[in-house]
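Colleague: Provided below: run.csv, containing CSV, C-alpha atoms and all ligand atoms.
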chain,number,residue,atom,x,y,z
M,1,MET,CA,-18.3,-111.7,-109.3
M,2,SER,CA,-17.9,-107.9,-109.1
M,3,GLN,CA,-20.2,-105.9,-106.9
M,4,LYS,CA,-21.7,-102.9,-108.9
M,5,THR,CA,-21.7,-99.7,-106.9
M,6,VAL,CA,-24.6,-97.4,-107.4
M,7,ASN,CA,-23.9,-93.7,-107.0
M,8,PRO,CA,-27.3,-92.2,-105.8
M,9,PHE,CA,-26.1,-88.7,-106.9
M,10,ASP,CA,-25.4,-89.7,-110.5
M,11,LEU,CA,-27.6,-87.8,-113.0
M,12,THR,CA,-26.1,-89.3,-116.2
M,13,GLY,CA,-28.7,-89.0,-119.0
M,14,LYS,CA,-31.1,-86.8,-117.1
M,15,VAL,CA,-32.5,-83.5,-118.5
M,16,ALA,CA,-32.8,-80.5,-116.3
M,17,ILE,CA,-34.5,-77.2,-117.0
M,18,VAL,CA,-32.9,-74.3,-115.0
M,19,THR,CA,-34.5,-70.8,-115.1
M,20,GLY,CA,-32.3,-67.8,-114.9
M,21,SER,CA,-29.4,-69.9,-115.9
M,22,ASN,CA,-27.4,-67.1,-117.4
M,23,THR,CA,-25.9,-65.7,-114.2
M,24,GLY,CA,-25.6,-66.0,-110.4
M,25,LEU,CA,-27.0,-69.0,-108.5
M,26,GLY,CA,-28.8,-70.3,-111.6
M,27,ALA,CA,-25.6,-70.5,-113.6
M,28,GLY,CA,-23.9,-72.3,-110.7
M,29,MET,CA,-26.7,-74.8,-110.3
M,30,ALA,CA,-26.8,-75.5,-114.1
M,31,VAL,CA,-23.1,-76.2,-114.1
M,32,ALA,CA,-23.4,-78.4,-111.0
M,33,LEU,CA,-26.2,-80.5,-112.5
M,34,ALA,CA,-24.2,-80.8,-115.8
M,35,SER,CA,-21.1,-82.0,-113.8
M,36,ALA,CA,-23.4,-84.7,-112.2
M,37,GLY,CA,-24.5,-85.8,-115.7
M,38,CYS,CA,-27.5,-83.7,-116.8
M,39,ASP,CA,-28.1,-82.1,-120.2
M,40,ILE,CA,-29.3,-78.6,-119.4
M,41,VAL,CA,-32.2,-76.6,-120.8
M,42,GLY,CA,-31.2,-73.1,-119.8
M,43,VAL,CA,-33.9,-70.5,-119.6
M,44,SER,CA,-32.8,-66.8,-119.9
M,45,ARG,CA,-34.6,-63.7,-120.9
M,46,GLY,CA,-31.5,-62.3,-122.6
M,47,ASP,CA,-28.0,-63.6,-123.5
M,48,ALA,CA,-27.3,-67.1,-122.0
M,49,GLY,CA,-23.9,-65.8,-120.6
M,50,ASP,CA,-21.0,-68.3,-120.3
M,51,THR,CA,-23.3,-71.1,-119.0
M,52,PRO,CA,-23.5,-72.9,-122.4
M,53,ALA,CA,-19.7,-73.1,-122.6
M,54,ARG,CA,-19.4,-74.2,-119.0
M,55,VAL,CA,-22.0,-76.9,-119.4
M,56,GLN,CA,-20.3,-78.1,-122.6
M,57,ALA,CA,-16.9,-78.1,-120.8
M,58,ALA,CA,-18.5,-80.5,-118.3
M,59,GLY,CA,-19.3,-82.8,-121.2
M,60,ARG,CA,-23.0,-82.1,-121.5
M,61,ARG,CA,-25.4,-80.5,-124.0
M,62,PHE,CA,-27.0,-77.1,-123.5
M,63,ALA,CA,-30.3,-76.0,-125.1
M,64,ASP,CA,-30.6,-72.2,-125.1
M,65,VAL,CA,-34.3,-71.2,-124.4
M,66,ARG,CA,-35.2,-67.5,-124.3
M,67,ALA,CA,-38.2,-66.6,-122.2
M,68,ASP,CA,-39.4,-63.7,-120.0
M,69,LEU,CA,-41.0,-65.2,-116.9
M,70,ALA,CA,-42.7,-61.9,-116.0
M,71,SER,CA,-45.7,-63.6,-117.7
M,72,ILE,CA,-46.8,-67.2,-118.0
M,73,ALA,CA,-47.2,-66.9,-121.8
M,74,PRO,CA,-43.9,-68.7,-122.6
M,75,ILE,CA,-44.3,-71.6,-120.2
M,76,GLU,CA,-45.8,-74.2,-122.6
M,77,ASP,CA,-43.1,-73.3,-125.1
M,78,ILE,CA,-40.3,-73.9,-122.5
M,79,VAL,CA,-41.4,-77.5,-121.9
M,80,ARG,CA,-42.0,-78.1,-125.6
M,81,ALA,CA,-38.5,-76.8,-126.4
M,82,ALA,CA,-36.9,-79.0,-123.7
M,83,VAL,CA,-38.7,-82.1,-125.1
M,84,GLU,CA,-37.8,-81.2,-128.7
M,85,ALA,CA,-34.1,-80.7,-127.7
M,86,PHE,CA,-33.5,-83.7,-125.5
M,87,GLY,CA,-36.7,-85.9,-125.6
M,88,ARG,CA,-37.7,-85.6,-122.0
M,89,VAL,CA,-37.5,-83.6,-118.7
M,90,ASP,CA,-36.4,-85.0,-115.4
M,91,VAL,CA,-35.6,-82.0,-113.3
M,92,LEU,CA,-36.9,-78.4,-113.0
M,93,VAL,CA,-35.0,-75.8,-111.0
M,94,ASN,CA,-37.2,-72.7,-110.5
M,95,ASN,CA,-34.4,-70.2,-109.9
M,96,ALA,CA,-35.3,-67.0,-111.8
M,97,GLY,CA,-36.3,-64.3,-109.3
M,98,ILE,CA,-36.2,-60.6,-108.6
M,99,ILE,CA,-36.4,-58.2,-105.6
M,100,ARG,CA,-37.7,-54.7,-105.2
M,101,ARG,CA,-36.9,-52.5,-102.1
M,102,GLU,CA,-39.2,-49.8,-100.7
M,103,ASP,CA,-40.7,-48.9,-97.3
M,104,ALA,CA,-44.0,-50.7,-96.8
M,105,LEU,CA,-45.8,-47.3,-96.5
M,106,ALA,CA,-44.7,-46.4,-99.9
M,107,PHE,CA,-44.6,-49.8,-101.6
M,108,GLY,CA,-46.3,-49.6,-105.1
M,109,GLU,CA,-48.5,-52.0,-107.0
M,110,ASP,CA,-45.9,-52.3,-109.8
M,111,ASP,CA,-43.2,-53.5,-107.3
M,112,TRP,CA,-45.7,-55.9,-105.8
M,113,ASP,CA,-46.9,-57.4,-109.1
M,114,ALA,CA,-43.5,-57.6,-110.8
M,115,VAL,CA,-42.0,-59.7,-108.0
M,116,MET,CA,-45.1,-61.9,-107.4
M,117,ASP,CA,-45.3,-62.7,-111.1
M,118,VAL,CA,-41.7,-63.9,-111.5
M,119,ASN,CA,-41.1,-65.3,-108.1
M,120,LEU,CA,-44.4,-67.1,-107.4
M,121,LYS,CA,-46.9,-67.2,-110.3
M,122,SER,CA,-44.4,-68.4,-112.9
M,123,VAL,CA,-43.0,-70.8,-110.4
M,124,PHE,CA,-46.4,-72.4,-110.0
M,125,PHE,CA,-47.3,-72.6,-113.6
M,126,LEU,CA,-43.9,-73.8,-114.8
M,127,SER,CA,-44.0,-76.5,-112.1
M,128,GLN,CA,-47.5,-77.5,-113.3
M,129,ALA,CA,-46.4,-77.7,-117.0
M,130,VAL,CA,-43.3,-79.7,-116.1
M,131,ALA,CA,-45.3,-82.0,-113.7
M,132,ARG,CA,-47.8,-82.7,-116.6
M,133,GLN,CA,-44.7,-83.8,-118.7
M,134,PHE,CA,-43.5,-86.0,-115.8
M,135,VAL,CA,-47.0,-87.6,-115.7
M,136,ARG,CA,-46.8,-88.2,-119.5
M,137,GLN,CA,-43.4,-89.8,-119.1
M,138,GLN,CA,-44.7,-92.0,-116.2
M,139,GLY,CA,-41.3,-91.9,-114.4
M,140,GLY,CA,-41.6,-89.2,-111.8
M,141,GLY,CA,-39.3,-86.2,-111.6
M,142,LYS,CA,-37.7,-83.6,-109.4
M,143,ILE,CA,-38.6,-80.0,-108.8
M,144,VAL,CA,-36.3,-77.7,-106.9
M,145,ASN,CA,-37.7,-74.3,-106.0
M,146,ILE,CA,-35.4,-71.5,-104.9
M,147,ALA,CA,-36.7,-70.0,-101.7
M,148,SER,CA,-34.9,-67.6,-99.3
M,149,MET,CA,-34.2,-66.7,-95.7
M,150,LEU,CA,-37.3,-64.6,-96.2
M,151,SER,CA,-39.3,-67.8,-96.5
M,152,PHE,CA,-38.6,-68.0,-92.7
M,153,GLN,CA,-38.1,-64.4,-91.7
M,154,GLY,CA,-39.8,-61.1,-92.3
M,155,GLY,CA,-37.1,-59.0,-93.7
M,156,ILE,CA,-37.5,-55.2,-94.1
M,157,ARG,CA,-38.4,-53.0,-97.1
M,158,VAL,CA,-39.0,-56.1,-99.3
M,159,ALA,CA,-42.7,-56.7,-98.9
M,160,SER,CA,-43.4,-58.5,-102.2
M,161,TYR,CA,-40.1,-60.5,-102.0
M,162,THR,CA,-41.0,-61.8,-98.5
M,163,ALA,CA,-44.5,-62.6,-99.6
M,164,SER,CA,-43.3,-64.4,-102.7
M,165,LYS,CA,-40.6,-66.4,-101.0
M,166,SER,CA,-42.9,-67.3,-98.1
M,167,GLY,CA,-45.3,-68.4,-100.8
M,168,VAL,CA,-42.6,-70.5,-102.4
M,169,LEU,CA,-42.2,-72.4,-99.1
M,170,GLY,CA,-45.9,-73.1,-98.8
M,171,LEU,CA,-46.3,-74.0,-102.5
M,172,THR,CA,-43.4,-76.4,-102.2
M,173,ARG,CA,-45.3,-78.2,-99.5
M,174,LEU,CA,-48.6,-78.2,-101.3
M,175,LEU,CA,-47.1,-79.6,-104.6
M,176,ALA,CA,-45.2,-82.2,-102.6
M,177,ASN,CA,-48.5,-83.3,-101.0
M,178,GLU,CA,-50.2,-83.6,-104.3
M,179,TRP,CA,-47.4,-85.1,-106.4
M,180,ALA,CA,-45.3,-87.3,-104.0
M,181,ALA,CA,-47.4,-90.4,-104.7
M,182,ARG,CA,-46.7,-89.9,-108.4
M,183,GLY,CA,-42.9,-90.1,-107.8
M,184,VAL,CA,-42.4,-86.4,-108.1
M,185,ASN,CA,-40.3,-84.8,-105.5
M,186,VAL,CA,-40.9,-81.1,-104.8
M,187,ASN,CA,-38.4,-79.5,-102.5
M,188,ALA,CA,-36.8,-76.1,-102.1
M,189,ILE,CA,-33.4,-74.6,-101.3
M,190,ALA,CA,-33.3,-71.4,-99.2
M,191,PRO,CA,-30.0,-69.7,-99.9
M,192,GLY,CA,-28.6,-67.4,-97.3
M,193,TYR,CA,-26.7,-64.3,-98.2
M,194,MET,CA,-25.0,-65.2,-101.4
M,195,ALA,CA,-22.6,-63.0,-103.4
M,196,THR,CA,-24.5,-62.4,-106.7
M,197,ALA,CA,-26.0,-59.4,-108.6
M,198,ASN,CA,-29.1,-59.8,-106.4
M,199,THR,CA,-27.2,-58.7,-103.3
M,200,ALA,CA,-24.7,-56.3,-104.9
M,201,ALA,CA,-26.4,-53.3,-103.2
M,202,LEU,CA,-26.1,-54.9,-99.8
M,203,ARG,CA,-22.5,-55.8,-100.2
M,204,ASP,CA,-21.7,-52.3,-101.6
M,205,ASP,CA,-23.1,-50.7,-98.4
M,206,ALA,CA,-20.1,-51.1,-96.0
M,207,GLN,CA,-22.3,-50.9,-92.8
M,208,ARG,CA,-24.9,-53.5,-94.0
M,209,ASN,CA,-22.1,-55.7,-95.3
M,210,ASP,CA,-20.4,-55.7,-91.9
M,211,GLU,CA,-23.7,-56.3,-90.1
M,212,ILE,CA,-24.6,-59.3,-92.3
M,213,LEU,CA,-21.1,-60.9,-92.2
M,214,GLY,CA,-21.1,-60.5,-88.4
M,215,ARG,CA,-24.3,-62.5,-88.1
M,216,ILE,CA,-23.3,-65.4,-90.4
M,217,PRO,CA,-21.7,-68.2,-88.3
M,218,ALA,CA,-19.6,-69.3,-91.3
M,219,GLY,CA,-18.2,-65.8,-91.5
M,220,ARG,CA,-18.5,-65.3,-95.2
M,221,TRP,CA,-21.0,-64.7,-98.0
M,222,GLY,CA,-22.1,-67.8,-99.8
M,223,THR,CA,-21.2,-68.4,-103.4
M,224,PRO,CA,-23.0,-70.2,-106.3
M,225,ASP,CA,-20.7,-73.2,-105.7
M,226,ASP,CA,-22.2,-73.6,-102.2
M,227,LEU,CA,-25.5,-74.7,-103.9
M,228,ALA,CA,-23.8,-77.4,-106.0
M,229,GLY,CA,-24.1,-80.3,-103.6
M,230,PRO,CA,-27.6,-79.4,-102.3
M,231,VAL,CA,-29.1,-79.0,-105.8
M,232,VAL,CA,-27.6,-82.3,-107.0
M,233,PHE,CA,-28.9,-84.0,-103.9
M,234,LEU,CA,-32.4,-82.7,-104.5
M,235,ALA,CA,-32.3,-83.5,-108.2
M,236,SER,CA,-31.0,-87.1,-107.7
M,237,SER,CA,-32.3,-90.4,-106.4
M,238,ALA,CA,-30.4,-89.7,-103.2
M,239,SER,CA,-33.4,-87.6,-102.1
M,240,ASP,CA,-36.2,-89.9,-103.3
M,241,TYR,CA,-37.9,-89.9,-99.9
M,242,VAL,CA,-37.5,-86.2,-99.3
M,243,HIS,CA,-40.7,-84.3,-100.0
M,244,GLY,CA,-41.9,-80.7,-99.3
M,245,HIS,CA,-38.7,-79.7,-97.5
M,246,THR,CA,-37.0,-76.3,-97.7
M,247,LEU,CA,-33.3,-76.8,-97.1
M,248,ALA,CA,-31.5,-73.7,-95.8
M,249,VAL,CA,-28.0,-73.3,-97.3
M,250,ASP,CA,-27.1,-70.3,-95.3
M,251,GLY,CA,-23.7,-70.6,-93.5
M,252,GLY,CA,-25.7,-71.1,-90.3
M,253,TRP,CA,-27.7,-67.8,-90.5
M,254,LEU,CA,-31.0,-69.4,-89.3
M,255,ALA,CA,-29.3,-71.3,-86.5
M,256,ARG,CA,-28.6,-67.9,-84.8
C,1,LIG,P1,-29.4,-62.7,-110.0
C,1,LIG,O1,-27.9,-62.8,-110.2
C,1,LIG,O2,-30.0,-61.4,-110.0
C,1,LIG,O3,-30.1,-63.7,-111.0
C,1,LIG,C1,-31.5,-63.8,-111.1
C,1,LIG,C2,-31.8,-64.6,-112.4
C,1,LIG,O4,-33.3,-64.5,-112.6
C,1,LIG,C3,-31.2,-64.0,-113.6
C,1,LIG,O5,-30.8,-65.0,-114.5
C,1,LIG,C4,-32.3,-63.2,-114.2
C,1,LIG,O6,-32.2,-62.9,-115.5
C,1,LIG,C5,-33.5,-64.1,-113.9
C,1,LIG,N1,-34.7,-63.4,-114.1
C,1,LIG,C6,-35.2,-62.3,-113.4
C,1,LIG,N2,-36.3,-61.9,-114.0
C,1,LIG,C7,-36.6,-62.7,-115.0
C,1,LIG,C8,-37.7,-62.8,-115.9
C,1,LIG,N3,-38.7,-62.0,-115.9
C,1,LIG,N4,-37.7,-63.8,-116.8
C,1,LIG,C9,-36.6,-64.7,-116.9
C,1,LIG,N5,-35.6,-64.7,-116.0
C,1,LIG,C10,-35.6,-63.7,-115.1
C,1,LIG,O7,-29.7,-63.3,-108.6
C,1,LIG,P2,-29.4,-64.6,-107.8
C,1,LIG,O8,-28.8,-64.3,-106.5
C,1,LIG,O9,-28.6,-65.6,-108.7
C,1,LIG,O10,-30.8,-65.2,-107.6
C,1,LIG,C11,-31.3,-66.4,-108.1
C,1,LIG,C12,-32.4,-66.9,-107.2
C,1,LIG,O11,-32.0,-67.0,-105.8
C,1,LIG,C13,-33.6,-65.9,-107.1
C,1,LIG,O12,-34.8,-66.5,-107.0
C,1,LIG,C14,-33.3,-65.2,-105.8
C,1,LIG,O13,-34.5,-64.6,-105.2
C,1,LIG,C15,-32.8,-66.3,-104.9
C,1,LIG,N6,-32.0,-65.9,-103.8
C,1,LIG,C16,-30.8,-65.3,-103.9
C,1,LIG,C17,-30.1,-65.0,-102.7
C,1,LIG,C18,-28.8,-64.2,-102.7
C,1,LIG,O14,-28.3,-63.9,-101.6
C,1,LIG,N7,-28.3,-63.9,-103.8
C,1,LIG,C19,-30.6,-65.3,-101.5
C,1,LIG,C20,-31.8,-66.0,-101.4
C,1,LIG,C21,-32.5,-66.3,-102.6
C,1,LIG,P3,-31.4,-61.5,-116.0
C,1,LIG,O15,-29.9,-61.8,-115.8
C,1,LIG,O16,-31.8,-61.3,-117.4
C,1,LIG,O17,-31.9,-60.4,-115.1
Produce structure tokens that represent the structure in this file.
Ligand code: NAP

Modeller:
Amino acid sequence: MSQKTVNPFDLTGKVAIVTGSNTGLGAGMAVALASAGCDIVGVSRGDAGDTPARVQAAGRRFADVRADLASIAPIEDIVRAAVEAFGRVDVLVNNAGIIRREDALAFGEDDWDAVMDVNLKSVFFLSQAVARQFVRQQGGGKIVNIASMLSFQGGIRVASYTASKSGVLGLTRLLANEWAARGVNVNAIAPGYMATANTAALRDDAQRNDEILGRIPAGRWGTPDDLAGPVVFLASSASDYVHGHTLAVDGGWLAR
């Protein structure tokens, strides 16, 4: 009699919503989840980029959903579109995010509200809408929020970003507390310094670039591929007893 081996990282037949899937870390995580077996509902506010082609090259389907997460108006439609496309939702990756830089003495209300709306308010209300769908499906689900080093540290000149990402860490814990017993895992990934559009200004500043690289034990900027294993882990049954955790994927930055 043959022994069947179960791969706890296998996501075959699962459906994942990934926000901000058109570029950067979101694109990398969408492709990683597709490679592990997920059909992808990619949420972008503009063109979907090359993510649909990359998901299809991995042998999975891609539903292209356009939504601006600066407001919560499109949130119900995102979940409805996912269910219409693929019949269910198993995974949500709350990745879309923005940053604004200004001295705290000069920081304006627009830069506060814009960042809090995308990075925190929409994360909560999309999680709520998807968790309601999980409850309707009666089979649990996985939510992965994208936090930051500034969920743990203060940073400088990024008041609303630090507030929002510290909020993401706390919200991840709260939602885990409320939903763990329903079979819903809520966790977060805190990327370190990753080479994407989000950090282009830092990398273009030779002095800042050298300072940052000199402090990263791994000695290099992270890449979207560095999140592949962590996001598949947190989206899969391999992490069924992991709740409310924020996993740093930072080349050792926080260990310093
Ligand atoms: P990115 O390349 O700038 O991508 C950000 C994504 O969010 C893009 O897809 C962007 O869409 C989307 N987005 C922004 N505002 C939106 C809105 N109003 N509605 C819908 N989508 C919106 O940056 P990234 O580095 O991949 O960042 C992804 C996540 O990782 C963010 O939450 C960021 O804070 C976090 N993070 C990044 C780093 C890093 O070092 N790169 C470190 C820690 C955490 P558009 O392309 O249309 O702008």

Colleague: Considering all atoms listed in the file, state which residue in the set M:Ile72, M:Leu11, M:Val41, M:Ile143 is at the smallest distance from Val130 in chain M.

Modeller: M:Ile143

Colleague: Using all atoms listed in the file, find the one residue out of M:Asp204, M:Asp210, M:Asp117, M:Asp39 that sits nearest to Asp90 in chain M.

Modeller: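 Checking each candidate against Asp90 in chain M, we get M:Asp39 as the closest.
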
Colleague: Between M:Leu171, M:Ala180, M:Val115, M:Leu120, which has the minimum distance to Arg101 in chain M (counting only C-alpha atoms)?

Modeller: M:Val115

Colleague: Kindly give the distance, in Å, that separates CA of Ile212 in chain M and CA of Gly49 in chain M, rounded to a single decimal.

Modeller: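 Pair CA of Ile212 in chain M / CA of Gly49 in chain M returns 29.0 Å.
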
Colleague: Neighbours of range 242-256 of chain M within 6 Å (all atoms listed in the file; same-chain residues fewer than 5 positions away dropped), as a PyMOL selection string?

Modeller: chain M and resi 172-173+176+185-192+216-218

Colleague: Given all atoms listed in the file as the basis, pick out the residue of M:Arg182, M:Arg66, M:Ala34, M:Met116 nearest to Gln138 in chain M.

Modeller: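 Checking each of M:Arg182, M:Arg66, M:Ala34, M:Met116 against Gln138 in chain M, counting all atoms listed in the file, the winner is M:Arg182.
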
Colleague: Go ahead and compute the interatomic distance for atom O14 of ligand LIG 1 (chain C) and CA of Val93 in chain M, in Å to one decimal.

Modeller: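 Between atom O14 of ligand LIG 1 (chain C) and CA of Val93 in chain M the gap works out to 16.6 Å.
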
Colleague: Given all atoms listed in the file, how would the per-residue table for chain M near ligand LIG 1 (chain C) read, listing every residue at most 8 Å away with its closest atom pair and distance in Å to one decimal, sorted by chain and number, as a Markdown table?

Modeller:
| residue | atom | partner | partner_atom | distance |
| --- | --- | --- | --- | --- |
| M:Thr19 | CA | C:LIG1 | N5 | 6.3 |
| M:Gly20 | CA | C:LIG1 | O5 | 3.2 |
| M:Ser21 | CA | C:LIG1 | O5 | 5.3 |
| M:Asn22 | CA | C:LIG1 | O5 | 4.9 |
| M:Thr23 | CA | C:LIG1 | O5 | 5.0 |
| M:Gly24 | CA | C:LIG1 | O9 | 3.5 |
| M:Leu25 | CA | C:LIG1 | O9 | 3.8 |
| M:Gly26 | CA | C:LIG1 | O9 | 5.5 |
| M:Ala27 | CA | C:LIG1 | O9 | 7.6 |
| M:Val43 | CA | C:LIG1 | C9 | 6.9 |
| M:Ser44 | CA | C:LIG1 | N5 | 5.2 |
| M:Arg45 | CA | C:LIG1 | C9 | 4.6 |
| M:Gly46 | CA | C:LIG1 | O16 | 5.3 |
| M:Asp47 | CA | C:LIG1 | O16 | 7.5 |
| M:Ala67 | CA | C:LIG1 | C9 | 5.9 |
| M:Asp68 | CA | C:LIG1 | N4 | 3.6 |
| M:Leu69 | CA | C:LIG1 | N4 | 3.6 |
| M:Ala70 | CA | C:LIG1 | N3 | 4.0 |
| M:Ser71 | CA | C:LIG1 | N3 | 7.4 |
| M:Asn94 | CA | C:LIG1 | O12 | 7.5 |
| M:Asn95 | CA | C:LIG1 | C12 | 4.7 |
| M:Ala96 | CA | C:LIG1 | O4 | 3.3 |
| M:Gly97 | CA | C:LIG1 | O12 | 3.5 |
| M:Ile98 | CA | C:LIG1 | C6 | 5.2 |
| M:Ile99 | CA | C:LIG1 | O13 | 6.7 |
| M:Val118 | CA | C:LIG1 | N3 | 5.7 |
| M:Asn119 | CA | C:LIG1 | O12 | 6.5 |
| M:Ile146 | CA | C:LIG1 | O12 | 5.5 |
| M:Ala147 | CA | C:LIG1 | C21 | 5.7 |
| M:Ser148 | CA | C:LIG1 | C20 | 4.1 |
| M:Met149 | CA | C:LIG1 | C20 | 6.2 |
| M:Leu150 | CA | C:LIG1 | C20 | 7.7 |
| M:Tyr161 | CA | C:LIG1 | O13 | 7.6 |
| M:Lys165 | CA | C:LIG1 | O13 | 7.6 |
| M:Ala190 | CA | C:LIG1 | C20 | 6.0 |
| M:Pro191 | CA | C:LIG1 | C20 | 4.4 |
| M:Gly192 | CA | C:LIG1 | C19 | 5.1 |
| M:Tyr193 | CA | C:LIG1 | O14 | 3.8 |
| M:Met194 | CA | C:LIG1 | O14 | 3.6 |
| M:Ala195 | CA | C:LIG1 | N7 | 5.8 |
| M:Thr196 | CA | C:LIG1 | O8 | 4.7 |
| M:Ala197 | CA | C:LIG1 | O1 | 4.2 |
| M:Asn198 | CA | C:LIG1 | O2 | 4.0 |
| M:Thr199 | CA | C:LIG1 | N7 | 5.3 |
| M:Gly222 | CA | C:LIG1 | O14 | 7.5 |
| M:Pro224 | CA | C:LIG1 | O9 | 7.6 |

Colleague: Extract, using all atoms listed in the file, all DNA, RNA and protein residues at most 10 Å from Ala82 in chain M, discarding same-chain residues fewer than 2 positions from it, and format them as a PyMOL selection string.

Modeller: chain M and resi 15-17+39-43+63-65+77-80+84-89+130

Colleague: By how many Å are CA of Leu234 in chain M and CA of Ala32 in chain M apart?

Modeller: 11.9 Å

Colleague: When you count all atoms listed in the file, which of these residues is closest to Ser237 in chain M: M:Val91, M:Leu202, M:Leu169, M:Ala104?

Modeller: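 Of M:Val91, M:Leu202, M:Leu169, M:Ala104, the one nearest Ser237 in chain M is M:Val91, counting all atoms listed in the file.
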
Colleague: Go through M:Gln153, M:Asp111, M:Glu76, M:Ser160 and flag the residue nearest Arg132 in chain M, using only C-alpha atoms for the distances.

Modeller: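 Using only C-alpha atoms, the shortest distance to Arg132 in chain M belongs to M:Glu76.
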